[in-house]
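Student: Contents of run-v4.tsv (TSV, C-alpha atoms and all ligand atoms):
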```
chain	number	residue	atom	x	y	z
A	216	MET	CA	24.41	-2.21	-4.76
A	217	GLU	CA	23.87	1.06	-6.56
A	218	SER	CA	25.27	-0.23	-9.88
A	219	GLN	CA	23.24	-3.44	-10.13
A	220	PRO	CA	21.16	-3.43	-13.32
A	221	LEU	CA	17.42	-3.71	-13.04
A	222	ILE	CA	15.43	-6.11	-15.16
A	223	THR	CA	12.66	-3.98	-16.51
A	224	ALA	CA	11.31	-5.93	-19.46
A	225	VAL	CA	8.25	-8.07	-18.82
A	226	PRO	CA	8.01	-10.70	-21.59
A	227	ASP	CA	4.74	-10.33	-23.40
A	228	THR	CA	2.98	-13.66	-23.58
A	229	ILE	CA	0.12	-14.29	-21.19
A	230	LEU	CA	2.17	-16.88	-19.30
A	231	ASP	CA	5.22	-14.66	-18.68
A	232	GLY	CA	5.64	-12.37	-15.71
A	233	SER	CA	3.38	-12.82	-12.70
A	234	ARG	CA	-0.34	-12.30	-13.22
A	235	PHE	CA	-0.18	-9.51	-10.65
A	236	VAL	CA	2.64	-7.54	-12.32
A	237	ARG	CA	0.99	-8.00	-15.71
A	238	ALA	CA	-2.24	-6.51	-14.38
A	239	CYS	CA	-0.32	-3.55	-12.90
A	240	LEU	CA	0.94	-2.87	-16.44
A	241	ARG	CA	-2.55	-3.40	-17.94
A	242	ARG	CA	-1.41	-6.44	-19.90
A	243	PRO	CA	-3.88	-9.28	-20.50
A	244	VAL	CA	-4.11	-11.92	-17.76
A	245	ASP	CA	-5.72	-15.37	-17.54
A	246	ARG	CA	-7.80	-14.19	-14.57
A	247	THR	CA	-8.05	-11.21	-12.21
A	248	PRO	CA	-5.22	-11.22	-9.65
A	249	VAL	CA	-6.18	-10.86	-5.98
A	250	TRP	CA	-4.43	-9.92	-2.73
A	251	PHE	CA	-5.49	-8.07	0.44
A	252	LEU	CA	-4.33	-4.96	2.27
A	253	ARG	CA	-3.07	-6.10	5.72
A	254	GLN	CA	-3.20	-9.74	4.62
A	255	ALA	CA	-0.66	-10.61	7.34
A	256	GLY	CA	-1.98	-9.46	10.68
A	257	ARG	CA	-3.84	-10.10	13.88
A	258	TYR	CA	-6.85	-11.82	12.25
A	259	MET	CA	-4.54	-14.77	11.51
A	260	GLN	CA	-3.69	-17.27	14.27
A	261	GLU	CA	-0.18	-17.84	12.89
A	262	TYR	CA	0.56	-14.11	13.24
A	263	ARG	CA	-0.91	-13.93	16.75
A	264	ASP	CA	1.32	-16.85	17.77
A	265	ILE	CA	4.44	-15.02	16.59
A	266	ARG	CA	3.26	-11.76	18.22
A	267	LYS	CA	3.16	-13.56	21.61
A	268	HIS	CA	6.96	-13.67	21.48
A	269	HIS	CA	7.89	-10.53	19.51
A	270	THR	CA	6.78	-6.92	19.23
A	271	LEU	CA	5.68	-5.58	15.85
A	272	VAL	CA	8.98	-3.74	15.36
A	273	GLU	CA	10.99	-6.82	16.36
A	274	ILE	CA	9.21	-8.82	13.66
A	275	CYS	CA	9.98	-6.11	11.09
A	276	LYS	CA	13.66	-6.00	12.08
A	277	GLN	CA	14.28	-9.75	11.92
A	278	PRO	CA	14.29	-10.69	8.23
A	279	ASP	CA	13.71	-14.41	8.90
A	280	ILE	CA	10.56	-13.71	10.89
A	281	ALA	CA	9.30	-10.90	8.65
A	282	ALA	CA	9.75	-13.17	5.61
A	283	GLU	CA	8.00	-16.06	7.36
A	284	VAL	CA	5.00	-13.88	8.28
A	285	THR	CA	4.79	-12.57	4.70
A	286	ILE	CA	5.03	-16.02	3.13
A	287	THR	CA	2.66	-17.77	5.56
A	288	ALA	CA	-0.11	-15.24	4.96
A	289	ALA	CA	0.23	-15.32	1.17
A	290	GLU	CA	0.26	-19.13	1.05
A	291	LYS	CA	-2.58	-19.60	3.49
A	292	LEU	CA	-4.80	-17.33	1.40
A	293	GLY	CA	-3.62	-18.48	-2.03
A	294	VAL	CA	-3.27	-14.88	-3.25
A	295	ASP	CA	-1.32	-13.60	-6.27
A	296	ALA	CA	0.93	-11.15	-4.45
A	297	ALA	CA	2.83	-10.98	-1.17
A	298	ILE	CA	3.31	-7.60	0.52
A	299	ILE	CA	6.45	-7.47	2.62
A	300	PHE	CA	5.76	-7.42	6.34
A	301	ALA	CA	6.98	-4.02	7.57
A	302	ASP	CA	5.35	-0.80	8.80
A	303	LEU	CA	4.80	2.61	7.32
A	304	LEU	CA	6.62	4.35	10.15
A	305	LEU	CA	9.95	2.49	9.99
A	306	PRO	CA	11.73	5.31	8.04
A	307	LEU	CA	11.05	7.72	10.93
A	308	GLU	CA	13.68	6.08	13.11
A	309	PRO	CA	16.72	6.70	10.86
A	310	MET	CA	15.45	10.25	10.35
A	311	GLY	CA	15.90	10.75	14.11
A	312	LEU	CA	12.32	10.27	15.28
A	313	PRO	CA	11.82	7.32	17.61
A	314	PHE	CA	8.29	5.89	17.86
A	315	GLU	CA	6.45	3.11	19.59
A	316	PHE	CA	3.29	1.11	19.04
A	317	MET	CA	1.14	1.45	22.15
A	318	ALA	CA	-1.42	-1.31	22.71
A	319	GLY	CA	-4.81	-0.13	21.46
A	320	GLU	CA	-3.49	3.33	20.52
A	321	GLY	CA	-1.51	2.72	17.37
A	322	PRO	CA	1.80	4.45	16.71
A	323	VAL	CA	3.11	7.21	18.98
A	324	VAL	CA	5.99	9.47	17.89
A	325	HIS	CA	7.69	10.69	21.03
A	326	HIS	CA	8.86	14.12	19.80
A	327	PRO	CA	6.48	15.37	17.09
A	328	VAL	CA	8.06	17.69	14.53
A	329	ARG	CA	6.29	21.05	14.69
A	330	THR	CA	8.94	23.74	14.13
A	331	ALA	CA	11.33	24.73	11.36
A	332	GLU	CA	14.19	23.85	13.67
A	333	ALA	CA	12.85	20.34	14.26
A	334	VAL	CA	12.46	19.81	10.50
A	335	ARG	CA	16.00	21.07	9.86
A	336	ALA	CA	17.32	18.57	12.43
A	337	LEU	CA	15.85	15.54	10.61
A	338	ARG	CA	18.51	13.26	9.12
A	339	THR	CA	18.36	11.98	5.54
A	340	ASP	CA	21.66	10.08	5.43
A	341	ARG	CA	20.79	6.88	7.24
A	342	ALA	CA	18.23	5.14	5.02
A	343	ASP	CA	20.61	2.18	4.73
A	344	GLU	CA	19.64	1.35	8.33
A	345	LEU	CA	16.39	0.07	6.78
A	346	GLY	CA	18.38	-2.71	5.09
A	347	TYR	CA	16.56	-5.26	7.25
A	348	VAL	CA	13.46	-4.73	5.07
A	349	ALA	CA	15.55	-5.44	1.95
A	350	ARG	CA	16.91	-8.63	3.53
A	351	ALA	CA	13.38	-9.82	4.27
A	352	ILE	CA	12.38	-9.09	0.66
A	353	GLN	CA	15.35	-11.12	-0.60
A	354	LYS	CA	14.13	-14.09	1.41
A	355	VAL	CA	10.55	-13.77	0.16
A	356	ALA	CA	11.77	-13.37	-3.43
A	357	ALA	CA	13.98	-16.48	-3.13
A	358	HIS	CA	10.97	-18.42	-1.85
A	359	PHE	CA	8.39	-17.37	-4.44
A	360	ARG	CA	10.65	-16.77	-7.49
A	361	ASP	CA	8.33	-15.70	-10.30
A	362	HIS	CA	5.19	-17.42	-9.00
A	363	LEU	CA	3.89	-14.49	-7.00
A	364	GLY	CA	4.30	-10.74	-7.27
A	365	ILE	CA	6.32	-9.24	-4.41
A	366	ILE	CA	5.20	-5.85	-3.18
A	367	GLY	CA	7.49	-3.45	-1.37
A	368	PHE	CA	5.98	-0.30	0.11
A	369	CYS	CA	6.43	3.05	1.77
A	370	GLY	CA	4.26	5.88	3.01
A	371	ALA	CA	3.56	8.86	0.78
A	372	PRO	CA	5.20	12.14	1.83
A	373	PHE	CA	1.92	13.71	3.03
A	374	THR	CA	0.82	10.73	5.12
A	375	LEU	CA	4.24	10.24	6.73
A	376	ALA	CA	4.58	13.98	7.39
A	377	SER	CA	1.20	13.86	9.14
A	378	TYR	CA	2.44	11.14	11.53
A	379	MET	CA	5.63	13.11	12.21
A	380	ILE	CA	3.76	16.32	12.95
A	381	GLU	CA	0.74	14.97	14.83
A	382	GLY	CA	2.81	12.42	16.74
A	383	GLY	CA	0.40	9.61	15.80
A	384	GLY	CA	-2.96	9.09	14.13
A	385	SER	CA	-5.25	12.11	13.95
A	386	ARG	CA	-8.84	13.08	13.34
A	387	ASN	CA	-8.52	16.66	12.13
A	388	TYR	CA	-4.82	17.04	11.21
A	389	ILE	CA	-4.73	20.45	12.87
A	390	HIS	CA	-0.96	20.60	13.43
A	391	THR	CA	-0.23	19.25	9.95
A	392	LYS	CA	-2.50	21.76	8.24
A	393	GLN	CA	-1.18	24.55	10.42
A	394	MET	CA	2.34	23.88	9.18
A	395	MET	CA	1.12	23.71	5.56
A	396	TYR	CA	-0.76	27.00	5.77
A	397	ARG	CA	1.48	28.99	8.12
A	398	ASP	CA	4.94	27.86	7.14
A	399	PRO	CA	4.86	26.45	3.61
A	400	LEU	CA	8.65	26.62	3.29
A	401	THR	CA	9.14	24.37	6.30
A	402	TRP	CA	6.41	22.07	4.99
A	403	ARG	CA	8.24	21.80	1.64
A	404	LEU	CA	11.54	21.14	3.40
A	405	LEU	CA	9.90	18.33	5.37
A	406	LEU	CA	8.49	16.76	2.21
A	407	ASP	CA	11.86	17.12	0.43
A	408	LYS	CA	13.62	15.34	3.26
A	409	LEU	CA	11.03	12.58	3.26
A	410	ILE	CA	11.42	12.11	-0.49
A	411	THR	CA	15.20	11.83	-0.14
A	412	VAL	CA	14.82	9.03	2.43
A	413	LEU	CA	11.91	7.29	0.70
A	414	GLU	CA	13.73	7.17	-2.63
A	415	GLN	CA	16.67	5.41	-1.00
A	416	TYR	CA	14.32	3.11	0.91
A	417	CYS	CA	12.40	2.13	-2.22
A	418	ARG	CA	15.65	1.55	-4.11
A	419	LEU	CA	16.79	-0.88	-1.40
A	420	GLN	CA	13.52	-2.74	-1.78
A	421	VAL	CA	13.60	-2.87	-5.57
A	422	LEU	CA	17.21	-4.07	-5.66
A	423	ALA	CA	16.27	-6.77	-3.16
A	424	GLY	CA	13.54	-8.12	-5.47
A	425	ALA	CA	10.34	-6.10	-4.97
A	426	ASP	CA	8.39	-6.33	-8.27
A	427	VAL	CA	6.09	-3.42	-7.48
A	428	ILE	CA	6.12	-0.58	-4.93
A	429	GLN	CA	2.90	0.52	-3.26
A	430	ILE	CA	2.88	4.07	-1.93
A	431	PHE	CA	0.38	4.43	0.93
A	432	ASP	CA	-1.18	7.88	1.14
A	433	SER	CA	-3.68	6.51	3.62
A	434	TRP	CA	-4.79	9.82	5.14
A	435	VAL	CA	-4.65	12.09	2.07
A	436	GLY	CA	-8.47	12.05	1.95
A	437	ALA	CA	-8.31	14.62	4.76
A	438	LEU	CA	-7.27	17.22	2.17
A	439	SER	CA	-9.50	19.29	-0.10
A	440	LEU	CA	-8.69	19.07	-3.80
A	441	THR	CA	-7.14	22.55	-3.68
A	442	ASP	CA	-4.92	21.67	-0.74
A	443	TYR	CA	-3.96	18.35	-2.33
A	444	ARG	CA	-2.84	20.25	-5.42
A	445	GLU	CA	-1.00	22.88	-3.45
A	446	TYR	CA	0.60	20.86	-0.66
A	447	ALA	CA	0.81	17.14	-1.55
A	448	PHE	CA	0.63	16.46	-5.28
A	449	ASP	CA	4.15	17.52	-6.33
A	450	ALA	CA	5.83	15.49	-3.62
A	451	SER	CA	3.81	12.37	-4.46
A	452	LYS	CA	4.46	12.81	-8.15
A	453	ARG	CA	8.21	13.14	-7.62
A	454	LEU	CA	8.30	9.98	-5.55
A	455	VAL	CA	6.14	8.04	-8.03
A	456	ARG	CA	8.34	9.07	-10.97
A	457	SER	CA	11.60	8.30	-9.25
A	458	VAL	CA	10.41	4.83	-8.18
A	459	GLN	CA	9.21	4.13	-11.73
A	460	ALA	CA	12.67	5.12	-12.97
A	461	MET	CA	13.98	2.22	-10.83
A	462	GLY	CA	12.14	-0.06	-13.24
A	463	VAL	CA	9.02	-1.13	-11.33
A	464	PRO	CA	5.33	-0.19	-11.50
A	465	VAL	CA	3.87	1.92	-8.69
A	466	ILE	CA	0.53	1.52	-6.91
A	467	TYR	CA	-0.65	4.76	-5.31
A	468	PHE	CA	-3.29	4.19	-2.62
A	469	GLY	CA	-5.44	6.42	-0.42
A	470	VAL	CA	-8.73	6.31	1.48
A	471	GLU	CA	-11.75	8.63	1.06
A	472	THR	CA	-10.19	9.88	-2.13
A	473	ALA	CA	-13.24	9.99	-4.45
A	474	GLY	CA	-12.71	13.74	-4.96
A	475	LEU	CA	-8.95	13.38	-5.52
A	476	LEU	CA	-8.72	10.44	-7.92
A	477	THR	CA	-8.18	12.37	-11.14
A	478	GLU	CA	-5.39	14.36	-9.51
A	479	MET	CA	-3.85	11.27	-7.89
A	480	ALA	CA	-3.74	9.62	-11.32
A	481	ALA	CA	-1.94	12.70	-12.65
A	482	THR	CA	1.08	11.66	-10.52
A	483	GLY	CA	1.56	9.07	-13.28
A	484	ALA	CA	1.23	6.07	-10.94
A	485	ASP	CA	0.59	2.84	-12.87
A	486	VAL	CA	-2.16	1.67	-10.50
A	487	ILE	CA	-4.52	3.70	-8.32
A	488	GLY	CA	-5.99	2.12	-5.19
A	489	LEU	CA	-9.74	2.68	-4.77
A	490	ASP	CA	-11.67	2.59	-1.51
A	491	TRP	CA	-15.20	1.15	-1.37
A	492	ARG	CA	-17.24	4.32	-1.15
A	493	GLN	CA	-17.62	4.64	-4.90
A	494	PRO	CA	-18.51	1.85	-7.38
A	495	LEU	CA	-15.34	0.53	-9.04
A	496	ASP	CA	-16.36	1.59	-12.55
A	497	GLU	CA	-16.99	5.18	-11.43
A	498	GLY	CA	-13.65	5.30	-9.64
A	499	TRP	CA	-11.89	3.85	-12.69
A	500	LYS	CA	-13.53	6.43	-14.92
A	501	ALA	CA	-12.27	9.24	-12.65
A	502	VAL	CA	-8.78	7.71	-12.66
A	503	GLY	CA	-8.86	7.20	-16.43
A	504	HIS	CA	-8.59	3.90	-18.26
A	505	GLY	CA	-4.93	4.55	-19.04
A	506	HIS	CA	-4.21	3.46	-15.46
A	507	ALA	CA	-4.83	0.16	-13.71
A	508	VAL	CA	-6.94	0.13	-10.52
A	509	GLN	CA	-6.87	-1.92	-7.34
A	510	GLY	CA	-9.85	-2.54	-5.08
A	511	ASN	CA	-12.41	-2.09	-3.82
A	512	LEU	CA	-14.38	-4.35	-1.45
A	513	ASP	CA	-15.39	-2.84	1.90
A	514	PRO	CA	-13.23	-4.84	4.39
A	515	ILE	CA	-16.23	-5.16	6.73
A	516	THR	CA	-18.14	-7.10	4.03
A	517	LEU	CA	-15.85	-9.97	5.14
A	518	PHE	CA	-18.19	-10.26	8.15
A	519	ALA	CA	-21.27	-10.76	5.94
A	520	PRO	CA	-22.93	-14.12	5.10
A	521	LEU	CA	-21.23	-15.78	2.12
A	522	GLU	CA	-24.15	-15.05	-0.27
A	523	VAL	CA	-23.90	-11.32	0.44
A	524	LEU	CA	-20.12	-11.42	0.23
A	525	GLU	CA	-20.31	-13.21	-3.12
A	526	ARG	CA	-22.76	-10.66	-4.50
A	527	ARG	CA	-20.42	-7.82	-3.57
A	528	VAL	CA	-17.37	-9.59	-5.02
A	529	HIS	CA	-19.20	-10.30	-8.28
A	530	GLU	CA	-20.49	-6.73	-8.45
A	531	ILE	CA	-16.90	-5.46	-8.37
A	532	LEU	CA	-15.70	-7.97	-10.96
A	533	ARG	CA	-18.62	-7.11	-13.23
A	534	ALA	CA	-17.87	-3.38	-12.84
A	535	ALA	CA	-14.29	-4.09	-13.95
A	536	ASN	CA	-15.90	-5.67	-17.02
A	537	GLY	CA	-12.88	-7.74	-18.06
A	538	ARG	CA	-10.87	-4.61	-18.81
A	539	PRO	CA	-7.12	-5.29	-18.44
A	540	GLY	CA	-5.65	-3.68	-15.35
A	541	HIS	CA	-7.93	-4.65	-12.47
A	542	ILE	CA	-6.38	-6.06	-9.31
A	543	PHE	CA	-8.96	-7.32	-6.84
A	544	ASN	CA	-8.41	-6.07	-3.28
A	545	LEU	CA	-10.18	-4.44	-0.37
A	546	GLY	CA	-10.76	-0.71	-0.15
A	547	HIS	CA	-8.68	-0.67	3.06
A	548	GLY	CA	-7.00	-3.16	5.41
A	549	ILE	CA	-8.39	-6.35	6.93
A	550	VAL	CA	-9.45	-5.67	10.53
A	551	PRO	CA	-8.33	-7.88	13.47
A	552	THR	CA	-11.49	-9.97	14.10
A	553	THR	CA	-12.11	-10.86	10.42
A	554	PRO	CA	-12.85	-14.59	9.85
A	555	VAL	CA	-9.91	-16.03	7.86
A	556	GLU	CA	-12.20	-18.48	6.05
A	557	ASN	CA	-14.16	-15.60	4.53
A	558	VAL	CA	-10.95	-14.07	3.18
A	559	GLN	CA	-10.10	-17.46	1.66
A	560	ALA	CA	-13.63	-17.66	0.25
A	561	VAL	CA	-13.13	-14.34	-1.55
A	562	VAL	CA	-9.96	-15.67	-3.19
A	563	LYS	CA	-11.95	-18.65	-4.44
A	564	MET	CA	-14.76	-16.41	-5.72
A	565	VAL	CA	-12.31	-14.24	-7.67
A	566	ARG	CA	-10.49	-17.29	-9.07
A	567	GLU	CA	-13.73	-18.91	-10.22
A	568	PHE	CA	-15.44	-15.83	-11.59
A	569	GLN	CA	-16.09	-15.97	-15.32
A	570	LEU	CA	-17.43	-12.94	-17.04
A	571	ASN	CA	-20.16	-13.94	-19.42
A	572	ILE	CA	-18.80	-12.87	-22.81
A	573	GLU	CA	-22.14	-11.29	-23.78
A	574	GLU	CA	-21.85	-9.07	-20.71
A	575	THR	CA	-18.56	-7.57	-21.83
A	576	SER	CA	-18.92	-4.25	-23.55
A	577	ILE	CA	-15.23	-3.56	-24.11
A	578	ILE	CA	-13.74	-4.09	-27.53
A	579	PHE	CA	-10.02	-4.84	-27.28
A	601	LIG	O1	0.13	-7.57	5.45
A	601	LIG	C1	0.41	-6.36	5.33
A	601	LIG	O2	-0.40	-5.51	4.92
A	601	LIG	C2	1.85	-5.92	5.60
A	601	LIG	C3	2.14	-5.26	6.78
A	601	LIG	C4	1.78	-3.83	7.08
A	601	LIG	C5	1.74	-3.37	8.41
A	601	LIG	N1	1.56	-2.02	8.38
A	601	LIG	C6	1.92	-4.20	9.62
A	601	LIG	C7	1.17	-3.82	10.82
A	601	LIG	C8	1.56	-2.73	6.24
A	601	LIG	C9	1.46	-2.67	4.73
A	601	LIG	C10	1.44	-1.59	7.09
A	601	LIG	C11	1.26	-0.21	6.58
A	601	LIG	C12	0.77	0.80	7.48
A	601	LIG	N2	1.14	1.04	8.78
A	601	LIG	C13	-0.14	1.82	7.12
A	601	LIG	C14	-0.70	2.01	5.74
A	601	LIG	C15	-1.77	1.06	5.48
A	601	LIG	C16	-3.12	1.54	5.87
A	601	LIG	O3	-3.74	0.85	6.68
A	601	LIG	O4	-3.57	2.55	5.31
A	601	LIG	C17	-0.35	2.63	8.23
A	601	LIG	C18	-1.29	3.81	8.30
A	601	LIG	C19	0.45	2.14	9.27
A	601	LIG	C20	0.61	2.69	10.64
A	601	LIG	C21	0.10	1.73	11.63
A	601	LIG	N3	0.71	0.53	11.95
A	601	LIG	C22	-1.05	1.84	12.42
A	601	LIG	C23	-2.03	3.01	12.37
A	601	LIG	C24	-1.11	0.70	13.24
A	601	LIG	C25	-2.09	0.38	14.33
A	601	LIG	C26	-3.31	-0.21	13.74
A	601	LIG	C27	-4.04	-1.09	14.69
A	601	LIG	O5	-5.04	-1.64	14.20
A	601	LIG	O6	-3.65	-1.27	15.85
A	601	LIG	C28	-0.02	-0.13	12.89
A	601	LIG	C29	0.30	-1.45	13.48
A	601	LIG	C30	0.44	-2.60	12.54
A	601	LIG	N4	1.23	-2.59	11.43
A	601	LIG	C31	-0.15	-3.90	12.66
A	601	LIG	C32	0.32	-4.66	11.59
A	601	LIG	C33	0.02	-6.11	11.31
A	601	LIG	C34	-1.09	-4.37	13.75
A	601	LIG	C35	-0.53	-4.26	15.09
A	601	LIG	C36	0.25	-5.39	15.71
A	601	LIG	O7	0.54	-6.49	15.18
A	601	LIG	O8	0.58	-5.14	16.86
```
As structure tokens, how would this structure be written, given the file I've shared?
Ligand code: CP3
Tutor:
Amino acid sequence: MESQPLITAVPDTILDGSRFVRACLRRPVDRTPVWFLRQAGRYMQEYRDIRKHHTLVEICKQPDIAAEVTITAAEKLGVDAAIIFADLLLPLEPMGLPFEFMAGEGPVVHHPVRTAEAVRALRTDRADELGYVARAIQKVAAHFRDHLGIIGFCGAPFTLASYMIEGGGSRNYIHTKQMMYRDPLTWRLLLDKLITVLEQYCRLQVLAGADVIQIFDSWVGALSLTDYREYAFDASKRLVRSVQAMGVPVIYFGVETAGLLTEMAATGADVIGLDWRQPLDEGWKAVGHGHAVQGNLDPITLFAPLEVLERRVHEILRAANGRPGHIFNLGHGIVPTTPVENVQAVVKMVREFQLNIEETSIIF
């Protein structure tokens, strides 16, 4: 597997390469590509039906089912990219940290890692056990061929470390920050070990057919800019660069990151994910126009009347101003009670949006 060549060249006419991958690389597209964070999930009846018979982890570990869930969601919505159905925490298991999803509580890691000894005991030699994710990607890639972009993903070192240390979700990240401040060497060792596993995991996904890798640093907004620089930036940058060296663009995403965007872009990620708290054009300016951006509708706007929803969607598209390198998405994931028809309506709005030429202020 290791020696398989990667196809890195994207042919450069507007019809070649998927619209989504082209936008990641800031190449011109016929229209703005669109997909949604958590597009396969509990808001969709088809997913709920499968969940009646399987746990979340069972779905992830059975490539036929994971591929079916991925494909059904992408086709039902008519989006331009399919994100592989998996979970951020899967790499914890081969590292020696079992976890469970408790109903209503989210993930629970049974033995949180809080000491140097516990970090030293983490394994980095079993990433191939995540091969089930690669097999699901192969199935999705065989189904969609070049029609849709296929997104593989992993957690960023900081966000995954926070789950390992806190033992689940957290409000204040006290244990995580304690390790950073009190035992920086152990913190670095933990991030190094995570990078070793995540690199192998991303390579499996790329070789299986992922066109793009999204790195979720969902909880990095808990850090001040100084702490981001001191404790998270280097690890993210190393992971971004090594995934890019595999021949695919990288999307680097976080929430409540308005104060971190310039630094996040300095990792060199091709695309930066924006949440909804800042207008898209301001976020893009902070990121720099040398990067593409993804976002940034508030997921709860999907509960608004269609006229309000349309105004918000158009506002974002107008803020992007026809500049190459915008991927329409939410600022964070779709929540469970979201009406599916409103998600479909957003796809239609993005597809039909035409920027009035006189409105465009960018000279190509
Ligand atoms: O369609 C997709 O987006 C692909 C599937 C996907 C899942 N998790 C499936 C899932 C993706 C991309 C993830 C990533 C993930 N997992 C993240 C990063 C994304 C983000 O939201 O910032 C995080 C933080 C996790 C960890 C996680 N998994 C949590 C906190 C929860 C509980 C959330 C809740 O609302 O209960 C999960 C469970 C989970 N992962 C669900 C799904 C569809 C819902 C639970 C279920 O089906 O039982």
Student: If I put a ball of radius 10 Å at (-2.5, 2.4, -23.2) in the file's coordinates, which residues poke into it when counting only C-alpha atoms, written as a PyMOL selection string?
Tutor: chain A and resi 240-242+504-506
Student: Kindly export the residues of the current selection with C-alpha atoms, as a PDB file, in the coordinates of the input.
Tutor:
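File again.pdb, as written:
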```pdb
ATOM      1  CA  LEU A 240       0.940  -2.870 -16.440  1.00  0.00           C
ATOM      2  CA  ARG A 241      -2.550  -3.400 -17.940  1.00  0.00           C
ATOM      3  CA  ARG A 242      -1.410  -6.440 -19.900  1.00  0.00           C
ATOM      4  CA  HIS A 504      -8.590   3.900 -18.260  1.00  0.00           C
ATOM      5  CA  GLY A 505      -4.930   4.550 -19.040  1.00  0.00           C
ATOM      6  CA  HIS A 506      -4.210   3.460 -15.460  1.00  0.00           C
TER       7      HIS A 506
END
```
Student: Please find the residues contacting ligand LIG 601 (chain A) at a distance of at most 8 Å between atoms, with only C-alpha atoms and all ligand atoms counted, and report them as JSON, numbers by chain.
Tutor: {"A": [251, 252, 253, 254, 255, 256, 257, 262, 263, 266, 270, 271, 285, 288, 297, 298, 299, 300, 301, 302, 303, 304, 316, 318, 319, 320, 321, 322, 368, 369, 370, 374, 383, 384, 431, 432, 433, 434, 469, 470, 547, 548, 550, 551]}
Student: Quick one: axis-aligned box around all listed atoms of range 438-443 of chain A, 8 Å on every side, centre and edge lengths in Å to one decimal, written as JSON.
Tutor:
```
{"center_x": -6.7, "center_y": 19.9, "center_z": -0.8, "size_x": 21.5, "size_y": 21.3, "size_z": 22.0}
```
Student: Please provide as a PyMOL selection string all residues within 8 Å of Leu409 in chain A, with the sequence filter that same-chain residues fewer than 5 positions apart are discarded (counting all atoms listed in the file).
Tutor: chain A and resi 339+372+375-376
Student: Can you pull out every residue within 10 Å of Leu438 in chain A, counting all atoms listed in the file, but drop anything in the same chain fewer than 3 positions away, and send it as number ranges by chain?
Tutor: A: 373, 388, 392, 434-435, 441-444, 446-447, 471-472, 474-475
Student: Name the residues in contact with range 424-429 of chain A at a cut-off of 10 Å, using all atoms listed in the file, excluding same-chain residues fewer than 2 positions from it; report them as a PyMOL selection string.
Tutor: chain A and resi 221-223+232-233+235-236+239+296-299+349-357+360-361+363-371+417-422+431-432+455+458-459+462-468+484-488
Student: For the atom pair CA of Val249 in chain A and CA of Val502 in chain A, what is the interatomic distance in Å to one decimal place?
Tutor: 19.9 Å
Student: Just the number, please: distance in Å from CA of Ala281 in chain A to CA of Val558 in chain A, one decimal.
Tutor: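 Spanning CA of Ala281 in chain A to CA of Val558 in chain A is a straight-line distance of 21.2 Å.
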Student: Please report the interatomic distance between CA of Cys275 in chain A and CA of Met259 in chain A in Å with one decimal.
Tutor: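 A separation of 16.9 Å between them.
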Student: Please provide as a VMD selection string all residues within 10 Å of range 530-532 of chain A, with the sequence filter that same-chain residues fewer than 6 positions apart are discarded (counting only C-alpha atoms).
Tutor: chain A and resid 247 491 494 to 496 510 to 512 524 538 541 to 544 564 to 565 568 to 570
Student: Of the residues A:Met317, A:Leu292, A:Leu405, A:Ala480, which is the one nearest to Arg338 in chain A, using all atoms listed in the file?
Tutor: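 The shortest atom-to-atom distance to Arg338 in chain A comes from A:Leu405.
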Student: Between A:Ala282, A:Val555, A:Val508, A:Ala333, single out the one closest to Met379 in chain A, counting only C-alpha atoms.
Tutor: A:Ala333
Student: I'd like the neighbourhood of Thr411 in chain A as a PyMOL selection string, where a residue qualifies if any of its atoms comes within 10 Å (using all atoms listed in the file), though same-chain residues fewer than 5 positions away should be ignored.
Tutor: chain A and resi 338-340+342+406+416+454
Student: Restricting the calculation to only C-alpha atoms, which member of A:Asn387, A:Thr552, A:Gln415, A:Thr482 is positioned closest to Gly436 in chain A?
Tutor: A:Asn387
Student: Considering only C-alpha atoms, can you say which of A:Arg397, A:Asp343, A:Ser451, A:Glu261 comes closest to Ile286 in chain A?
Tutor: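 Counting only C-alpha atoms, the residue closest to Ile286 in chain A is A:Glu261.
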Student: Looking at all atoms listed in the file, which of A:Glu283, A:Glu497, A:Glu290, A:Asp398 is the one that sits closest to Ala534 in chain A?
Tutor: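 When distances to Ala534 in chain A are compared using all atoms listed in the file, the smallest one comes from A:Glu497.
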Student: Name the closest residue to Arg492 in chain A among the candidates A:Val562, A:Ala331, A:Leu545, A:Val523; distances are taken between atoms, counting only C-alpha atoms.
Tutor: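 Looking at the shortest contact to Arg492 in chain A, the residue is A:Leu545.
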